[in-house]
Amino acid sequence: MSPRGEALSINMNRLLHKGKALFLAYDQGMEHGPRDFDKKNVDPEHVLNIALEGGYTGIILLPGVAEKYYHGAIRDIPLIVKLNGKTSLAKIDPISRQFCSVERAIKMGASAVGYTIYDGSPNEPEMFKEFGKIVEEAHDYGIPVIAWMYPRGRFIKDDESNEILAYSARVGLELGADVLKLKFNGDIDNFKWMLRCAGRAKVVVAGGNKTDPKQFLNDVSKVVSAGAMGIAVGRNVWQSDRPFSISKALRSVVIDGKSALEASKFLH
Ligand code: FBP
């Protein structure tokens, strides 16, 4: 129900092109710090321009950058505001608290909101509670919620094991997320099982550290063919020497359904 009482459906279409998602993530300045940046990509305008020229279907920002930079032509790209975040400085049990409301994100122009959940952390209950409230509020406004499902903490021995990844997929569904951002560990059969566990929640795959572009395209092609709705990528694009070329290649795989081999022509 909306704040006025009428039922609203969740509008995901604004974030998709041909039913697929190509999201550019740029929240690493808080999560990892400026060590991820060089003189070019430290400037949000540069990365927002990659998102615009590269034909991304969504840009993921924290509220500070969104408020100061999501203006003008860039507003053609749907905005996804991350409502929580943490630095890599505090060596405590993983927890990421909300510091932006759904309402504030909507005022910035958000078409969706995002939230990281460290499932398995001793602080999991706090994040679950906060996330539940976010889902309720966002759905009142008819916008989707994306959950970064990142199992982490002293009880998680291997955050990329098949079992833990599939567990995260199910937890995200149970918590009410519309889209789950999950990692791919290279085991495509397990990835298909993760999709089954995610049920009607859609899945986008996280990028990770910058890697060989051809290998990255291969992985993207595999997960999209298996049924992922798309990807949410950051460093593999804006840390690249040729961010526009890799963007074209990713778009042709994710949106146009081309093979990794066909798409690799954009890399030359
Ligand atoms: P990348 O493609 O650069 O890995 O970005 C995806 C992302 O989920 C970001 O949204 C977030 O800042 C980062 O990864 C979190 O990474 P970590 O695994 O270090 O927590």
# chains A, B, ... in the order shown; residues from 1 in each chain; ligands from 1
$ select_by_dssp --residues "range 87-226 of chain A" --states "helix (DSSP H, G or I)" --output "MDAnalysis selection string"
chainID A and resid 102:108 124:140 162:175 188:198 213:226
$ residues_around --residues "Ile117 in chain A" --least-positions-apart "4" --cutoff "7 Å" --atoms "only C-alpha atoms" --output "list in words"
Met127, Ala147, Trp148, Met149 and Tyr150 of chain A
$ write_last_selection --atoms "C-alpha atoms" --output "PDB file, in the first residue's frame"
ATOM      1  CA  MET A 127      20.829  -5.517   9.354  1.00  0.00           C
ATOM      2  CA  ALA A 147      20.163  -6.468  -1.628  1.00  0.00           C
ATOM      3  CA  TRP A 148      23.935  -6.855  -1.815  1.00  0.00           C
ATOM      4  CA  MET A 149      24.109 -10.346  -0.269  1.00  0.00           C
ATOM      5  CA  TYR A 150      27.641 -10.572   1.086  1.00  0.00           C
TER       6      TYR A 150
END
$ select_by_dssp --residues "range 3-203 of chain A" --states "strand (DSSP E or B)" --output "JSON, numbers by chain"
{"A": [17, 20, 21, 22, 23, 24, 25, 58, 59, 60, 61, 79, 80, 81, 82, 84, 98, 110, 111, 112, 113, 114, 115, 116, 117, 145, 146, 147, 148, 149, 179, 180, 181, 182, 202, 203]}
$ write_last_selection --atoms "C-alpha atoms" --output "compact mmCIF listing (two decimals), in the first residue's frame"
# COMPACT_ATOMS: atom_id res chain seq x y z
CA HIS A 17 16.61 -2.50 -21.14
CA LYS A 20 18.23 -6.84 -18.67
CA ALA A 21 20.21 -4.87 -16.11
CA LEU A 22 23.60 -3.26 -16.65
CA PHE A 23 24.39 -1.32 -13.48
CA LEU A 24 27.53 0.69 -12.88
CA ALA A 25 28.58 0.67 -9.21
CA GLY A 58 21.39 2.16 -13.74
CA ILE A 59 24.04 3.97 -11.71
CA ILE A 60 24.68 2.98 -8.10
CA LEU A 61 25.72 5.86 -5.84
CA LEU A 79 19.62 6.18 -10.07
CA ILE A 80 20.05 3.45 -7.46
CA VAL A 81 20.91 4.91 -4.06
CA LYS A 82 22.78 2.72 -1.59
CA ASN A 84 24.05 1.92 3.87
CA GLN A 98 21.57 2.72 7.10
CA ALA A 110 16.14 7.25 -7.03
CA SER A 111 14.38 4.59 -9.08
CA ALA A 112 15.56 1.92 -6.64
CA VAL A 113 17.41 1.63 -3.37
CA GLY A 114 20.18 -0.73 -2.33
CA TYR A 115 21.42 -2.15 0.94
CA THR A 116 24.34 -4.45 1.81
CA ILE A 117 23.63 -7.37 4.13
CA VAL A 145 15.00 -2.89 -3.34
CA ILE A 146 18.35 -4.41 -4.27
CA ALA A 147 20.16 -6.47 -1.63
CA TRP A 148 23.93 -6.85 -1.81
CA MET A 149 24.11 -10.35 -0.27
CA VAL A 179 16.90 -7.99 -6.78
CA LEU A 180 19.85 -9.82 -5.24
CA LYS A 181 23.41 -8.87 -5.96
CA LEU A 182 25.35 -12.11 -5.65
CA LYS A 202 15.98 -11.35 -9.73
CA VAL A 203 19.72 -11.79 -9.66
$ residues_around --residues "Gly109 in chain A" --least-positions-apart "3" --cutoff "10 Å" --atoms "only C-alpha atoms" --output "PyMOL selection string"
chain A and resi 66-67+70-71+75+78-81+103-106+112
$ write_last_selection --atoms "C-alpha atoms" --output "PDB file, in the first residue's frame"
ATOM      1  CA  ALA A  66      24.111  11.401  -5.721  1.00  0.00           C
ATOM      2  CA  GLU A  67      23.065  14.726  -4.217  1.00  0.00           C
ATOM      3  CA  TYR A  70      23.130  13.444 -10.173  1.00  0.00           C
ATOM      4  CA  HIS A  71      22.033  16.489 -12.156  1.00  0.00           C
ATOM      5  CA  ARG A  75      19.473  11.982 -14.888  1.00  0.00           C
ATOM      6  CA  PRO A  78      18.132   5.616 -13.510  1.00  0.00           C
ATOM      7  CA  LEU A  79      19.620   6.181 -10.071  1.00  0.00           C
ATOM      8  CA  ILE A  80      20.054   3.452  -7.461  1.00  0.00           C
ATOM      9  CA  VAL A  81      20.913   4.905  -4.064  1.00  0.00           C
ATOM     10  CA  GLU A 103      12.423   9.205   1.274  1.00  0.00           C
ATOM     11  CA  ARG A 104      15.706  11.115   0.913  1.00  0.00           C
ATOM     12  CA  ALA A 105      16.760   8.742  -1.877  1.00  0.00           C
ATOM     13  CA  ILE A 106      13.481   9.336  -3.679  1.00  0.00           C
ATOM     14  CA  ALA A 112      15.557   1.919  -6.641  1.00  0.00           C
TER      15      ALA A 112
END
$ residues_near_ligand --ligand "ligand 1" --cutoff "6 Å" --atoms "only C-alpha atoms and all ligand atoms" --output "PyMOL selection string"
chain A and resi 25+27-28+31+206-209+233-235
$ write_last_selection --atoms "all heavy atoms" --output "PDB file, in the first residue's frame"
ATOM      1  N   ALA A  25      28.473   0.406 -10.650  1.00  0.00           N
ATOM      2  CA  ALA A  25      28.581   0.670  -9.209  1.00  0.00           C
ATOM      3  C   ALA A  25      29.741   1.627  -8.931  1.00  0.00           C
ATOM      4  O   ALA A  25      30.861   1.423  -9.412  1.00  0.00           O
ATOM      5  CB  ALA A  25      28.804  -0.646  -8.456  1.00  0.00           C
ATOM      6  N   ASP A  27      30.346   3.055  -5.437  1.00  0.00           N
ATOM      7  CA  ASP A  27      30.286   3.329  -3.999  1.00  0.00           C
ATOM      8  C   ASP A  27      31.601   2.922  -3.322  1.00  0.00           C
ATOM      9  O   ASP A  27      31.712   2.947  -2.102  1.00  0.00           O
ATOM     10  CB  ASP A  27      29.124   2.560  -3.346  1.00  0.00           C
ATOM     11  CG  ASP A  27      29.226   1.051  -3.541  1.00  0.00           C
ATOM     12  OD1 ASP A  27      29.839   0.601  -4.523  1.00  0.00           O
ATOM     13  OD2 ASP A  27      28.680   0.309  -2.703  1.00  0.00           O
ATOM     14  N   GLN A  28      32.583   2.543  -4.140  1.00  0.00           N
ATOM     15  CA  GLN A  28      33.837   1.983  -3.596  1.00  0.00           C
ATOM     16  C   GLN A  28      34.652   3.024  -2.843  1.00  0.00           C
ATOM     17  O   GLN A  28      35.500   2.661  -2.029  1.00  0.00           O
ATOM     18  CB  GLN A  28      34.671   1.363  -4.725  1.00  0.00           C
ATOM     19  CG  GLN A  28      34.065   0.125  -5.367  1.00  0.00           C
ATOM     20  CD  GLN A  28      33.026   0.440  -6.432  1.00  0.00           C
ATOM     21  OE1 GLN A  28      32.593   1.573  -6.576  1.00  0.00           O
ATOM     22  NE2 GLN A  28      32.613  -0.546  -7.192  1.00  0.00           N
ATOM     23  N   GLU A  31      33.598   2.179   0.509  1.00  0.00           N
ATOM     24  CA  GLU A  31      33.824   0.782   0.905  1.00  0.00           C
ATOM     25  C   GLU A  31      35.317   0.426   0.965  1.00  0.00           C
ATOM     26  O   GLU A  31      35.739  -0.306   1.842  1.00  0.00           O
ATOM     27  CB  GLU A  31      33.110  -0.170  -0.074  1.00  0.00           C
ATOM     28  CG  GLU A  31      31.599  -0.023  -0.080  1.00  0.00           C
ATOM     29  CD  GLU A  31      30.936  -0.451   1.234  1.00  0.00           C
ATOM     30  OE1 GLU A  31      31.490  -1.322   1.916  1.00  0.00           O
ATOM     31  OE2 GLU A  31      29.881   0.120   1.571  1.00  0.00           O
ATOM     32  N   ALA A 206      27.849  -9.517  -9.108  1.00  0.00           N
ATOM     33  CA  ALA A 206      28.836  -8.490  -8.744  1.00  0.00           C
ATOM     34  C   ALA A 206      30.099  -8.648  -9.590  1.00  0.00           C
ATOM     35  O   ALA A 206      30.409  -9.743 -10.066  1.00  0.00           O
ATOM     36  CB  ALA A 206      29.177  -8.634  -7.268  1.00  0.00           C
ATOM     37  N   GLY A 207      30.811  -7.539  -9.741  1.00  0.00           N
ATOM     38  CA  GLY A 207      32.001  -7.555 -10.599  1.00  0.00           C
ATOM     39  C   GLY A 207      33.245  -8.102  -9.914  1.00  0.00           C
ATOM     40  O   GLY A 207      33.843  -9.066 -10.356  1.00  0.00           O
ATOM     41  N   GLY A 208      33.630  -7.458  -8.820  1.00  0.00           N
ATOM     42  CA  GLY A 208      34.848  -7.866  -8.109  1.00  0.00           C
ATOM     43  C   GLY A 208      36.067  -7.097  -8.580  1.00  0.00           C
ATOM     44  O   GLY A 208      35.968  -6.135  -9.365  1.00  0.00           O
ATOM     45  N   ASN A 209      37.237  -7.538  -8.101  1.00  0.00           N
ATOM     46  CA  ASN A 209      38.507  -6.897  -8.484  1.00  0.00           C
ATOM     47  C   ASN A 209      38.649  -6.869  -9.996  1.00  0.00           C
ATOM     48  O   ASN A 209      38.169  -7.769 -10.678  1.00  0.00           O
ATOM     49  CB  ASN A 209      39.692  -7.708  -7.961  1.00  0.00           C
ATOM     50  CG  ASN A 209      39.783  -7.637  -6.460  1.00  0.00           C
ATOM     51  OD1 ASN A 209      39.375  -6.650  -5.851  1.00  0.00           O
ATOM     52  ND2 ASN A 209      40.292  -8.703  -5.868  1.00  0.00           N
ATOM     53  N   VAL A 233      28.510  -3.817 -11.974  1.00  0.00           N
ATOM     54  CA  VAL A 233      29.967  -3.850 -12.091  1.00  0.00           C
ATOM     55  C   VAL A 233      30.551  -2.474 -11.795  1.00  0.00           C
ATOM     56  O   VAL A 233      29.919  -1.464 -12.059  1.00  0.00           O
ATOM     57  CB  VAL A 233      30.342  -4.326 -13.521  1.00  0.00           C
ATOM     58  CG1 VAL A 233      29.732  -3.434 -14.582  1.00  0.00           C
ATOM     59  CG2 VAL A 233      31.833  -4.414 -13.701  1.00  0.00           C
ATOM     60  N   GLY A 234      31.739  -2.457 -11.223  1.00  0.00           N
ATOM     61  CA  GLY A 234      32.396  -1.182 -10.944  1.00  0.00           C
ATOM     62  C   GLY A 234      33.808  -1.153 -11.479  1.00  0.00           C
ATOM     63  O   GLY A 234      34.078  -0.691 -12.587  1.00  0.00           O
ATOM     64  N   ARG A 235      34.731  -1.745 -10.665  1.00  0.00           N
ATOM     65  CA  ARG A 235      36.154  -1.583 -10.974  1.00  0.00           C
ATOM     66  C   ARG A 235      36.563  -2.135 -12.325  1.00  0.00           C
ATOM     67  O   ARG A 235      37.464  -1.608 -12.967  1.00  0.00           O
ATOM     68  CB  ARG A 235      36.982  -2.229  -9.847  1.00  0.00           C
ATOM     69  CG  ARG A 235      36.914  -1.441  -8.563  1.00  0.00           C
ATOM     70  CD  ARG A 235      37.378  -2.248  -7.392  1.00  0.00           C
ATOM     71  NE  ARG A 235      36.444  -3.301  -7.036  1.00  0.00           N
ATOM     72  CZ  ARG A 235      36.647  -4.206  -6.093  1.00  0.00           C
ATOM     73  NH1 ARG A 235      37.759  -4.203  -5.410  1.00  0.00           N
ATOM     74  NH2 ARG A 235      35.730  -5.109  -5.815  1.00  0.00           N
TER      75      ARG A 235
END
$ residues_around --residues "Tyr118 in chain A" --least-positions-apart "2" --cutoff "6 Å" --atoms "only C-alpha atoms" --output "count of residues only"
4
$ closest_residue --among "A:Tyr141, A:Phe131, A:Gly153, A:Val65" --to "Met30 in chain A" --atoms "only C-alpha atoms"
A:Val65
$ closest_residue --among "A:Asn49, A:Asp241, A:Lys91, A:Gly85" --to "Gly72 in chain A" --atoms "only C-alpha atoms"
A:Asn49
$ residues_around --residues "Glu126 in chain A" --least-positions-apart "2" --cutoff "10 Å" --atoms "only C-alpha atoms" --output "PDB file with N, CA, C and O atoms, in the first residue's frame"
ATOM      1  N   ILE A  95      29.279  -5.016   9.861  1.00  0.00           N
ATOM      2  CA  ILE A  95      27.963  -4.371   9.987  1.00  0.00           C
ATOM      3  C   ILE A  95      27.972  -3.139   9.101  1.00  0.00           C
ATOM      4  O   ILE A  95      28.984  -2.455   8.991  1.00  0.00           O
ATOM      5  N   SER A  96      26.872  -2.902   8.447  1.00  0.00           N
ATOM      6  CA  SER A  96      26.738  -1.711   7.614  1.00  0.00           C
ATOM      7  C   SER A  96      25.377  -1.128   7.933  1.00  0.00           C
ATOM      8  O   SER A  96      24.357  -1.774   7.702  1.00  0.00           O
ATOM      9  N   ARG A  97      25.375   0.075   8.502  1.00  0.00           N
ATOM     10  CA  ARG A  97      24.111   0.653   8.963  1.00  0.00           C
ATOM     11  C   ARG A  97      23.577   1.646   7.949  1.00  0.00           C
ATOM     12  O   ARG A  97      24.299   2.282   7.208  1.00  0.00           O
ATOM     13  N   ILE A 117      23.889  -6.511   2.962  1.00  0.00           N
ATOM     14  CA  ILE A 117      23.633  -7.368   4.128  1.00  0.00           C
ATOM     15  C   ILE A 117      24.797  -8.341   4.283  1.00  0.00           C
ATOM     16  O   ILE A 117      25.100  -9.098   3.350  1.00  0.00           O
ATOM     17  N   SER A 121      27.097 -12.606   9.755  1.00  0.00           N
ATOM     18  CA  SER A 121      27.814 -11.782  10.734  1.00  0.00           C
ATOM     19  C   SER A 121      27.059 -11.813  12.071  1.00  0.00           C
ATOM     20  O   SER A 121      25.830 -11.912  12.085  1.00  0.00           O
ATOM     21  N   PRO A 122      27.791 -11.692  13.194  1.00  0.00           N
ATOM     22  CA  PRO A 122      27.082 -11.574  14.479  1.00  0.00           C
ATOM     23  C   PRO A 122      26.117 -10.388  14.491  1.00  0.00           C
ATOM     24  O   PRO A 122      25.199 -10.343  15.297  1.00  0.00           O
ATOM     25  N   ASN A 123      26.318  -9.439  13.588  1.00  0.00           N
ATOM     26  CA  ASN A 123      25.434  -8.273  13.526  1.00  0.00           C
ATOM     27  C   ASN A 123      24.279  -8.440  12.536  1.00  0.00           C
ATOM     28  O   ASN A 123      23.556  -7.477  12.257  1.00  0.00           O
ATOM     29  N   GLU A 124      24.136  -9.649  12.032  1.00  0.00           N
ATOM     30  CA  GLU A 124      23.074  -9.939  11.062  1.00  0.00           C
ATOM     31  C   GLU A 124      21.676  -9.479  11.532  1.00  0.00           C
ATOM     32  O   GLU A 124      20.938  -8.877  10.730  1.00  0.00           O
ATOM     33  N   PHE A 128      19.118  -7.241   9.279  1.00  0.00           N
ATOM     34  CA  PHE A 128      17.832  -7.812   8.839  1.00  0.00           C
ATOM     35  C   PHE A 128      16.680  -6.878   9.219  1.00  0.00           C
ATOM     36  O   PHE A 128      15.765  -6.636   8.434  1.00  0.00           O
ATOM     37  N   LYS A 129      16.748  -6.371  10.447  1.00  0.00           N
ATOM     38  CA  LYS A 129      15.664  -5.510  10.936  1.00  0.00           C
ATOM     39  C   LYS A 129      15.585  -4.230  10.098  1.00  0.00           C
ATOM     40  O   LYS A 129      14.523  -3.811   9.646  1.00  0.00           O
ATOM     41  N   GLU A 130      16.757  -3.638   9.895  1.00  0.00           N
ATOM     42  CA  GLU A 130      16.801  -2.389   9.121  1.00  0.00           C
ATOM     43  C   GLU A 130      16.313  -2.631   7.692  1.00  0.00           C
ATOM     44  O   GLU A 130      15.556  -1.846   7.135  1.00  0.00           O
ATOM     45  N   PHE A 131      16.755  -3.761   7.145  1.00  0.00           N
ATOM     46  CA  PHE A 131      16.388  -4.072   5.751  1.00  0.00           C
ATOM     47  C   PHE A 131      14.867  -4.274   5.620  1.00  0.00           C
ATOM     48  O   PHE A 131      14.263  -3.814   4.658  1.00  0.00           O
TER      49      PHE A 131
END
$ closest_residue --among "A:Lys157, A:Val205, A:Leu250, A:Tyr26" --to "Asn41 in chain A" --atoms "only C-alpha atoms"
A:Tyr26
$ atom_distance --atom1 "CA of Ala51 in chain A" --atom2 "CA of Ala201 in chain A"
24.9 Å
$ atom_distance --atom1 "CA of Lys210 in chain A" --atom2 "CA of Lys39 in chain A"
17.2 Å
